[in-house]
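Student: Right, I'll just put the structure down here and ask away after.
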Amino acid sequence: GQSLEQPSEVTAVEGAIVQINCTYQTSGFYGLSWYQQHDGGAPTFLSYNALDGLEETGRFSSFLSRSDSYGYLLLQELQMKDSASYFCAVTGSNYQLIWGAGTKLIIKP
Amino acid sequence: DAGVIQSPRHEVTEMGQEVTLRCKPISGHDYLFWYRQTMMRGLELLIYFNNNVPIDDSGMPEDRFSAKMPNASFSTLKIQPSEPRDSAVYFCASRESRDPVYEKLFFGSGTQLSVL
């Protein structure tokens, strides 16, 4: 079967750094994506990794290791507005997204 | 651009009634996706279209669900008859095939459906 594993909830302090991990087991792999979803809102695209390594976009970075079937999203200088759910998604063999269950990020002042 | 537009934002109906959800993708986007989101099952792809043609409807749960895309700027998802277990948030998303990041979907605000 195909599966993505990510923690259900992560808690961090405002101004700190937090890492959200994602491991996957899929038939075929083209890339790993990350989406952010605020409560009551729609998923919003954050980043995409097709190759191993780190991609940086402002305070957010995403990492991929294809050999380990593993990736993570790194959020720096946490702000209260970063409180949201974060989803990893893998592009599988049929070019469609396979979604993780999401990680709820709770930020404390 | 106004983004992906969905209507209605909220829908409350009684079991057995027909429900129609509407979506207007971003102009120029040639892929359109319908997703359903629940706490129990997460985000599920129901169906997607490319250039108005349904490509994969394997995620449509039952024959009670149907989707159409009569033109490039409009799609509907219909549930007939509706059941309480259909209660969920339904998202429409679109993407542009020329975007090198295939995975970059633009989601609408969603329709919160409650079937009583």
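Order determines the names: the first chain of the structure tokens is A, the second B, and so forth; residues in each chain are numbered 1 upward, and ligands are numbered 1 upward as they are shown.
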Give one line per residue of chain B that approaches chain A to at most 7 Å, naming the two atoms of the closest pair and their distance in Å to one decimal, counting only C-alpha atoms; sort by chain then ascending residue number and deliver it as CSV.
Tutor:
```
residue,atom,partner,partner_atom,distance
B:Gly42,CA,A:Ala101,CA,5.6
B:Leu43,CA,A:Trp99,CA,6.7
B:Glu103,CA,A:Ser33,CA,6.8
B:Lys104,CA,A:Phe45,CA,6.1
B:Leu105,CA,A:Phe45,CA,6.7
B:Phe106,CA,A:Thr44,CA,6.9
B:Phe107,CA,A:Ala42,CA,6.1
B:Gly108,CA,A:Ala42,CA,6.5
B:Ser109,CA,A:Ala42,CA,5.3
B:Gly110,CA,A:Ala42,CA,6.7
```
Student: Given the selection you just returned, output its residues as a file containing N, CA, C and O atoms, formatted as a PDB file, in the first residue's frame.
Tutor:
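Printed below is selection_37.pdb as written:
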```pdb
ATOM      1  N   GLY B  42      -9.213  12.537   6.098  1.00  0.00           N
ATOM      2  CA  GLY B  42      -8.269  13.514   5.556  1.00  0.00           C
ATOM      3  C   GLY B  42      -8.724  14.030   4.205  1.00  0.00           C
ATOM      4  O   GLY B  42      -9.915  14.103   3.916  1.00  0.00           O
ATOM      5  N   LEU B  43      -7.757  14.382   3.379  1.00  0.00           N
ATOM      6  CA  LEU B  43      -8.038  14.887   2.037  1.00  0.00           C
ATOM      7  C   LEU B  43      -8.121  13.728   1.054  1.00  0.00           C
ATOM      8  O   LEU B  43      -7.179  12.967   0.897  1.00  0.00           O
ATOM      9  N   GLU B 103       2.801  19.899  -8.766  1.00  0.00           N
ATOM     10  CA  GLU B 103       2.071  19.706  -7.511  1.00  0.00           C
ATOM     11  C   GLU B 103       1.479  20.991  -6.961  1.00  0.00           C
ATOM     12  O   GLU B 103       0.848  20.991  -5.913  1.00  0.00           O
ATOM     13  N   LYS B 104       1.659  22.098  -7.658  1.00  0.00           N
ATOM     14  CA  LYS B 104       1.203  23.367  -7.136  1.00  0.00           C
ATOM     15  C   LYS B 104      -0.265  23.552  -7.483  1.00  0.00           C
ATOM     16  O   LYS B 104      -0.606  24.057  -8.561  1.00  0.00           O
ATOM     17  N   LEU B 105      -1.111  23.156  -6.549  1.00  0.00           N
ATOM     18  CA  LEU B 105      -2.540  23.316  -6.714  1.00  0.00           C
ATOM     19  C   LEU B 105      -3.008  24.579  -6.011  1.00  0.00           C
ATOM     20  O   LEU B 105      -2.501  24.939  -4.961  1.00  0.00           O
ATOM     21  N   PHE B 106      -4.008  25.215  -6.608  1.00  0.00           N
ATOM     22  CA  PHE B 106      -4.651  26.383  -6.008  1.00  0.00           C
ATOM     23  C   PHE B 106      -6.047  25.943  -5.587  1.00  0.00           C
ATOM     24  O   PHE B 106      -6.845  25.552  -6.443  1.00  0.00           O
ATOM     25  N   PHE B 107      -6.305  26.037  -4.283  1.00  0.00           N
ATOM     26  CA  PHE B 107      -7.572  25.572  -3.742  1.00  0.00           C
ATOM     27  C   PHE B 107      -8.565  26.725  -3.585  1.00  0.00           C
ATOM     28  O   PHE B 107      -8.184  27.851  -3.247  1.00  0.00           O
ATOM     29  N   GLY B 108      -9.832  26.391  -3.770  1.00  0.00           N
ATOM     30  CA  GLY B 108     -10.888  27.319  -3.423  1.00  0.00           C
ATOM     31  C   GLY B 108     -11.125  27.289  -1.922  1.00  0.00           C
ATOM     32  O   GLY B 108     -10.511  26.513  -1.187  1.00  0.00           O
ATOM     33  N   SER B 109     -12.034  28.131  -1.468  1.00  0.00           N
ATOM     34  CA  SER B 109     -12.314  28.254  -0.029  1.00  0.00           C
ATOM     35  C   SER B 109     -13.100  27.083   0.531  1.00  0.00           C
ATOM     36  O   SER B 109     -13.217  26.948   1.737  1.00  0.00           O
ATOM     37  N   GLY B 110     -13.643  26.263  -0.350  1.00  0.00           N
ATOM     38  CA  GLY B 110     -14.353  25.076   0.088  1.00  0.00           C
ATOM     39  C   GLY B 110     -15.830  25.304   0.348  1.00  0.00           C
ATOM     40  O   GLY B 110     -16.287  26.439   0.541  1.00  0.00           O
TER      41      GLY B 110
END
```
Student: Go through A:Gly58, A:Gly92, A:Pro7, A:Gly53 and flag the residue nearest Gln76 (chain A), using only C-alpha atoms for the distances.
Tutor: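 Of the candidates, the smallest distance to Gln76 (chain A) is held by A:Gly58.
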Student: May I have the residues within 8 Å of Pro25 (chain B) as an mmCIF file with C-alpha atoms, in the first residue's frame, using only C-alpha atoms and disregarding those fewer than 4 positions away in the same chain?
Tutor:
```cif
data_model
loop_
_atom_site.group_PDB
_atom_site.id
_atom_site.type_symbol
_atom_site.label_atom_id
_atom_site.label_comp_id
_atom_site.auth_asym_id
_atom_site.auth_seq_id
_atom_site.Cartn_x
_atom_site.Cartn_y
_atom_site.Cartn_z
ATOM 1 C CA GLY B 3 -8.505 32.641 -7.378
ATOM 2 C CA VAL B 4 -10.621 29.504 -7.416
ATOM 3 C CA ILE B 5 -14.204 30.393 -6.573
ATOM 4 C CA HIS B 29 -5.773 26.599 -15.572
ATOM 5 C CA LEU B 32 -9.489 20.908 -12.101
ATOM 6 C CA ALA B 72 -13.190 25.659 -18.964
ATOM 7 C CA SER B 73 -14.600 28.038 -16.392
ATOM 8 C CA PHE B 74 -17.192 25.968 -14.571
ATOM 9 C CA CYS B 92 -12.140 22.477 -5.703
ATOM 10 C CA ALA B 93 -8.570 23.066 -6.894
ATOM 11 C CA SER B 94 -6.972 23.966 -10.179
#
```
Student: Restricting the calculation to only C-alpha atoms, which member of B:Asp57, B:Glu44, B:Glu62, B:Glu14 is positioned closest to Tyr90 (chain B)?
Tutor: B:Glu44
Student: Give the answer as one residue: which of A:Leu51, A:Ile20, A:Ala12, A:Leu4 has the shortest atom-to-atom distance to Gln36 (chain A), using only C-alpha atoms?
Tutor: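 Going through A:Leu51, A:Ile20, A:Ala12, A:Leu4 one by one, the smallest distance to Gln36 (chain A) is for A:Ile20.
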Student: Show which residues sit within 6 Å of Pro81 (chain B), as a short mmCIF file (atom, residue, chain, number, x, y, z; two decimals) with C-alpha atoms, in the first residue's frame. Count only C-alpha atoms, and ignore same-chain residues fewer than 2 positions away.
Tutor:
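Dumped everything to part05.cif:
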```cif
data_model
loop_
_atom_site.label_atom_id
_atom_site.label_comp_id
_atom_site.auth_asym_id
_atom_site.auth_seq_id
_atom_site.Cartn_x
_atom_site.Cartn_y
_atom_site.Cartn_z
CA GLY B 16 -32.24 12.46 0.51
CA GLN B 17 -32.00 15.91 -1.01
CA GLU B 18 -29.92 16.75 -4.05
CA ILE B 79 -24.72 14.37 -4.76
#
```
Student: Residues at most 9 Å from Ser97 (chain B), counting only C-alpha atoms, excluding those fewer than 4 positions away in the same chain, as a list of chain:residue names?
Tutor: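 Neighbouring residues, sequence-local ones excluded: B:His29, B:Asp30, B:Tyr31, B:Val101, B:Tyr102.
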Student: Keeping all heavy atoms, export the residues of the selection given above as a PDB file, in the first residue's frame.
Tutor:
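File produced: result.pdb:
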```pdb
ATOM      1  N   HIS B  29      -6.132  27.886 -16.169  1.00  0.00           N
ATOM      2  CA  HIS B  29      -5.773  26.599 -15.572  1.00  0.00           C
ATOM      3  C   HIS B  29      -6.552  25.492 -16.280  1.00  0.00           C
ATOM      4  O   HIS B  29      -7.764  25.583 -16.447  1.00  0.00           O
ATOM      5  CB  HIS B  29      -6.112  26.588 -14.079  1.00  0.00           C
ATOM      6  CG  HIS B  29      -5.109  27.326 -13.254  1.00  0.00           C
ATOM      7  ND1 HIS B  29      -5.009  27.149 -11.891  1.00  0.00           N
ATOM      8  CD2 HIS B  29      -4.165  28.240 -13.592  1.00  0.00           C
ATOM      9  CE1 HIS B  29      -4.032  27.917 -11.430  1.00  0.00           C
ATOM     10  NE2 HIS B  29      -3.519  28.596 -12.445  1.00  0.00           N
ATOM     11  N   ASP B  30      -5.827  24.446 -16.692  1.00  0.00           N
ATOM     12  CA  ASP B  30      -6.477  23.410 -17.475  1.00  0.00           C
ATOM     13  C   ASP B  30      -6.706  22.111 -16.710  1.00  0.00           C
ATOM     14  O   ASP B  30      -7.200  21.137 -17.264  1.00  0.00           O
ATOM     15  CB  ASP B  30      -5.692  23.139 -18.766  1.00  0.00           C
ATOM     16  CG  ASP B  30      -4.200  23.012 -18.532  1.00  0.00           C
ATOM     17  OD1 ASP B  30      -3.759  23.150 -17.367  1.00  0.00           O
ATOM     18  OD2 ASP B  30      -3.471  22.770 -19.500  1.00  0.00           O
ATOM     19  N   TYR B  31      -6.313  22.095 -15.422  1.00  0.00           N
ATOM     20  CA  TYR B  31      -6.634  20.948 -14.582  1.00  0.00           C
ATOM     21  C   TYR B  31      -7.578  21.414 -13.473  1.00  0.00           C
ATOM     22  O   TYR B  31      -7.356  22.479 -12.872  1.00  0.00           O
ATOM     23  CB  TYR B  31      -5.379  20.366 -13.925  1.00  0.00           C
ATOM     24  CG  TYR B  31      -4.545  19.476 -14.819  1.00  0.00           C
ATOM     25  CD1 TYR B  31      -3.592  20.021 -15.684  1.00  0.00           C
ATOM     26  CD2 TYR B  31      -4.703  18.103 -14.791  1.00  0.00           C
ATOM     27  CE1 TYR B  31      -2.824  19.208 -16.486  1.00  0.00           C
ATOM     28  CE2 TYR B  31      -3.922  17.274 -15.590  1.00  0.00           C
ATOM     29  CZ  TYR B  31      -2.981  17.839 -16.438  1.00  0.00           C
ATOM     30  OH  TYR B  31      -2.214  17.027 -17.234  1.00  0.00           O
ATOM     31  N   VAL B 101       6.040  23.084 -11.647  1.00  0.00           N
ATOM     32  CA  VAL B 101       5.746  22.370 -10.399  1.00  0.00           C
ATOM     33  C   VAL B 101       4.344  21.801 -10.529  1.00  0.00           C
ATOM     34  O   VAL B 101       3.349  22.485 -10.289  1.00  0.00           O
ATOM     35  CB  VAL B 101       5.870  23.281  -9.164  1.00  0.00           C
ATOM     36  CG1 VAL B 101       5.544  22.497  -7.892  1.00  0.00           C
ATOM     37  CG2 VAL B 101       7.257  23.883  -9.098  1.00  0.00           C
ATOM     38  N   TYR B 102       4.299  20.561 -10.896  1.00  0.00           N
ATOM     39  CA  TYR B 102       3.022  19.906 -11.145  1.00  0.00           C
ATOM     40  C   TYR B 102       2.126  19.894  -9.913  1.00  0.00           C
ATOM     41  O   TYR B 102       0.912  19.915 -10.002  1.00  0.00           O
ATOM     42  CB  TYR B 102       3.290  18.474 -11.600  1.00  0.00           C
ATOM     43  CG  TYR B 102       2.077  17.694 -11.995  1.00  0.00           C
ATOM     44  CD1 TYR B 102       1.616  17.719 -13.301  1.00  0.00           C
ATOM     45  CD2 TYR B 102       1.378  16.929 -11.059  1.00  0.00           C
ATOM     46  CE1 TYR B 102       0.496  17.015 -13.678  1.00  0.00           C
ATOM     47  CE2 TYR B 102       0.259  16.215 -11.428  1.00  0.00           C
ATOM     48  CZ  TYR B 102      -0.178  16.252 -12.742  1.00  0.00           C
ATOM     49  OH  TYR B 102      -1.285  15.549 -13.103  1.00  0.00           O
TER      50      TYR B 102
END
```
Student: Go ahead and compute the interatomic distance for CA of Thr11 (chain A) and CA of Ser62 (chain A), in Å to one decimal.
Tutor: 18.6 Å
Student: With distances taken over only C-alpha atoms, which of B:Arg9, B:Asn52, B:Met15, B:Ser114 is nearest to Ser87 (chain B)?
Tutor: B:Ser114
Student: Please give the complete set of residues from chain A that DSSP, run on the backbone, assigns to strand (DSSP E or B), formatted as number ranges by chain.
Tutor: A: 3-5, 9-13, 18-25, 31-37, 44-49, 53-57, 60-65, 70-75, 84-91, 97-99, 103-108
Student: Store the residues of this selection in a file with C-alpha atoms, as a PDB file, in the first residue's frame.
Tutor:
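Wrote it out as result-v6.pdb, contents follow:
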```pdb
ATOM      1  CA  SER A   3       1.302   5.659   3.094  1.00  0.00           C
ATOM      2  CA  LEU A   4       2.687   8.880   4.451  1.00  0.00           C
ATOM      3  CA  GLU A   5       3.494   9.315   8.114  1.00  0.00           C
ATOM      4  CA  GLU A   9       0.563  17.456  16.492  1.00  0.00           C
ATOM      5  CA  VAL A  10       3.637  19.535  17.247  1.00  0.00           C
ATOM      6  CA  THR A  11       3.945  22.290  19.834  1.00  0.00           C
ATOM      7  CA  ALA A  12       6.528  25.061  19.735  1.00  0.00           C
ATOM      8  CA  VAL A  13       7.200  28.486  21.202  1.00  0.00           C
ATOM      9  CA  VAL A  18      10.253  23.675  14.529  1.00  0.00           C
ATOM     10  CA  GLN A  19      10.684  20.698  12.224  1.00  0.00           C
ATOM     11  CA  ILE A  20       7.791  18.629  10.889  1.00  0.00           C
ATOM     12  CA  ASN A  21       8.837  15.238   9.560  1.00  0.00           C
ATOM     13  CA  CYS A  22       7.278  13.148   6.842  1.00  0.00           C
ATOM     14  CA  THR A  23       8.150   9.595   5.873  1.00  0.00           C
ATOM     15  CA  TYR A  24       6.566   7.937   2.914  1.00  0.00           C
ATOM     16  CA  GLN A  25       6.071   4.569   1.327  1.00  0.00           C
ATOM     17  CA  GLY A  31       8.368  14.716  -5.519  1.00  0.00           C
ATOM     18  CA  LEU A  32       7.362  15.840  -2.038  1.00  0.00           C
ATOM     19  CA  SER A  33       5.136  18.845  -1.474  1.00  0.00           C
ATOM     20  CA  TRP A  34       4.073  20.779   1.590  1.00  0.00           C
ATOM     21  CA  TYR A  35       0.813  22.623   2.122  1.00  0.00           C
ATOM     22  CA  GLN A  36      -0.406  24.854   4.939  1.00  0.00           C
ATOM     23  CA  GLN A  37      -4.009  24.976   6.065  1.00  0.00           C
ATOM     24  CA  THR A  44      -2.075  26.609   0.403  1.00  0.00           C
ATOM     25  CA  PHE A  45       1.020  25.420  -1.440  1.00  0.00           C
ATOM     26  CA  LEU A  46       4.287  26.035   0.423  1.00  0.00           C
ATOM     27  CA  SER A  47       7.082  24.118  -1.250  1.00  0.00           C
ATOM     28  CA  TYR A  48       8.125  21.239  -3.446  1.00  0.00           C
ATOM     29  CA  ASN A  49      11.208  19.024  -3.543  1.00  0.00           C
ATOM     30  CA  GLY A  53      18.545  18.575  -0.445  1.00  0.00           C
ATOM     31  CA  LEU A  54      17.193  21.717   1.106  1.00  0.00           C
ATOM     32  CA  GLU A  55      14.918  24.278  -0.525  1.00  0.00           C
ATOM     33  CA  GLU A  56      14.577  27.601   1.264  1.00  0.00           C
ATOM     34  CA  THR A  57      11.748  30.099   0.916  1.00  0.00           C
ATOM     35  CA  PHE A  60      10.338  28.112   5.602  1.00  0.00           C
ATOM     36  CA  SER A  61      12.653  25.389   4.306  1.00  0.00           C
ATOM     37  CA  SER A  62      11.908  21.917   3.020  1.00  0.00           C
ATOM     38  CA  PHE A  63      14.260  18.983   2.862  1.00  0.00           C
ATOM     39  CA  LEU A  64      14.165  15.698   0.975  1.00  0.00           C
ATOM     40  CA  SER A  65      16.165  12.484   1.165  1.00  0.00           C
ATOM     41  CA  TYR A  70      12.000  11.088   4.223  1.00  0.00           C
ATOM     42  CA  GLY A  71      11.474  14.788   4.197  1.00  0.00           C
ATOM     43  CA  TYR A  72      10.794  17.617   6.574  1.00  0.00           C
ATOM     44  CA  LEU A  73       9.477  21.134   6.726  1.00  0.00           C
ATOM     45  CA  LEU A  74      11.472  23.569   8.827  1.00  0.00           C
ATOM     46  CA  LEU A  75       9.851  26.722  10.133  1.00  0.00           C
ATOM     47  CA  ALA A  84      -2.002  25.806  11.249  1.00  0.00           C
ATOM     48  CA  SER A  85      -2.027  22.275   9.939  1.00  0.00           C
ATOM     49  CA  TYR A  86       0.773  21.239   7.609  1.00  0.00           C
ATOM     50  CA  PHE A  87       0.364  18.485   5.069  1.00  0.00           C
ATOM     51  CA  CYS A  88       3.025  16.599   3.193  1.00  0.00           C
ATOM     52  CA  ALA A  89       2.054  15.069  -0.114  1.00  0.00           C
ATOM     53  CA  VAL A  90       3.892  12.760  -2.484  1.00  0.00           C
ATOM     54  CA  THR A  91       3.496  12.705  -6.244  1.00  0.00           C
ATOM     55  CA  LEU A  97      -0.828  13.627  -5.000  1.00  0.00           C
ATOM     56  CA  ILE A  98      -0.949  11.207  -2.081  1.00  0.00           C
ATOM     57  CA  TRP A  99      -1.631  13.201   1.067  1.00  0.00           C
ATOM     58  CA  THR A 103       0.359  17.898  11.453  1.00  0.00           C
ATOM     59  CA  LYS A 104      -1.302  20.463  13.667  1.00  0.00           C
ATOM     60  CA  LEU A 105       1.262  23.045  14.737  1.00  0.00           C
ATOM     61  CA  ILE A 106       0.451  24.749  18.023  1.00  0.00           C
ATOM     62  CA  ILE A 107       2.485  27.832  18.845  1.00  0.00           C
ATOM     63  CA  LYS A 108       2.643  29.154  22.368  1.00  0.00           C
TER      64      LYS A 108
END
```
Student: Applying 10 Å and only C-alpha atoms, which residues near region 63-71 of chain B remain after dropping the ones on its own chain fewer than 3 positions away? List them as a PyMOL selection string.
Tutor: chain B and resi 18-24+32+34+46-54+57+60+74-83+86
Student: Go ahead and dump the residues you just picked, C-alpha atoms, as an mmCIF file, in the first residue's frame.
Tutor:
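Contents of out_12.cif, as written:
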```cif
data_model
loop_
_atom_site.group_PDB
_atom_site.id
_atom_site.type_symbol
_atom_site.label_atom_id
_atom_site.label_comp_id
_atom_site.auth_asym_id
_atom_site.auth_seq_id
_atom_site.Cartn_x
_atom_site.Cartn_y
_atom_site.Cartn_z
ATOM 1 C CA GLU B 18 -29.917 16.749 -4.051
ATOM 2 C CA VAL B 19 -26.836 18.897 -3.463
ATOM 3 C CA THR B 20 -24.921 20.773 -6.148
ATOM 4 C CA LEU B 21 -21.541 22.323 -5.477
ATOM 5 C CA ARG B 22 -20.027 24.766 -7.916
ATOM 6 C CA CYS B 23 -16.519 25.747 -8.864
ATOM 7 C CA LYS B 24 -14.881 28.313 -11.103
ATOM 8 C CA LEU B 32 -9.489 20.908 -12.101
ATOM 9 C CA TRP B 34 -12.494 17.933 -6.566
ATOM 10 C CA LEU B 46 -12.713 12.492 -5.811
ATOM 11 C CA ILE B 47 -12.196 13.287 -9.488
ATOM 12 C CA TYR B 48 -10.080 15.435 -11.744
ATOM 13 C CA PHE B 49 -10.480 16.945 -15.180
ATOM 14 C CA ASN B 50 -7.977 17.966 -17.824
ATOM 15 C CA ASN B 51 -9.223 20.355 -20.489
ATOM 16 C CA ASN B 52 -12.798 19.716 -19.309
ATOM 17 C CA VAL B 53 -12.486 15.942 -19.745
ATOM 18 C CA PRO B 54 -12.778 13.672 -16.692
ATOM 19 C CA ASP B 57 -13.040 9.386 -11.157
ATOM 20 C CA MET B 60 -15.882 9.086 -6.391
ATOM 21 C CA PHE B 74 -17.192 25.968 -14.571
ATOM 22 C CA SER B 75 -17.566 22.621 -12.838
ATOM 23 C CA THR B 76 -20.200 21.038 -10.628
ATOM 24 C CA LEU B 77 -20.183 18.220 -8.125
ATOM 25 C CA LYS B 78 -23.598 16.742 -7.490
ATOM 26 C CA ILE B 79 -24.720 14.371 -4.758
ATOM 27 C CA GLN B 80 -28.100 12.747 -5.247
ATOM 28 C CA PRO B 81 -29.473 11.582 -2.878
ATOM 29 C CA SER B 82 -27.361 13.014 -0.078
ATOM 30 C CA GLU B 83 -26.659 11.098 3.126
ATOM 31 C CA ASP B 86 -21.462 12.892 2.972
#
```
Student: Quick one, how far is CA of Gln112 (chain B) from CA of Phe33 (chain B)?
Tutor: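 Going from CA of Gln112 (chain B) over to CA of Phe33 (chain B), I get 16.7 Å.
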Student: Could you please determine the separation between CA of Gly59 (chain B) and CA of Asn94 (chain A) in Å, to one decimal place?
Tutor: 13.6 Å
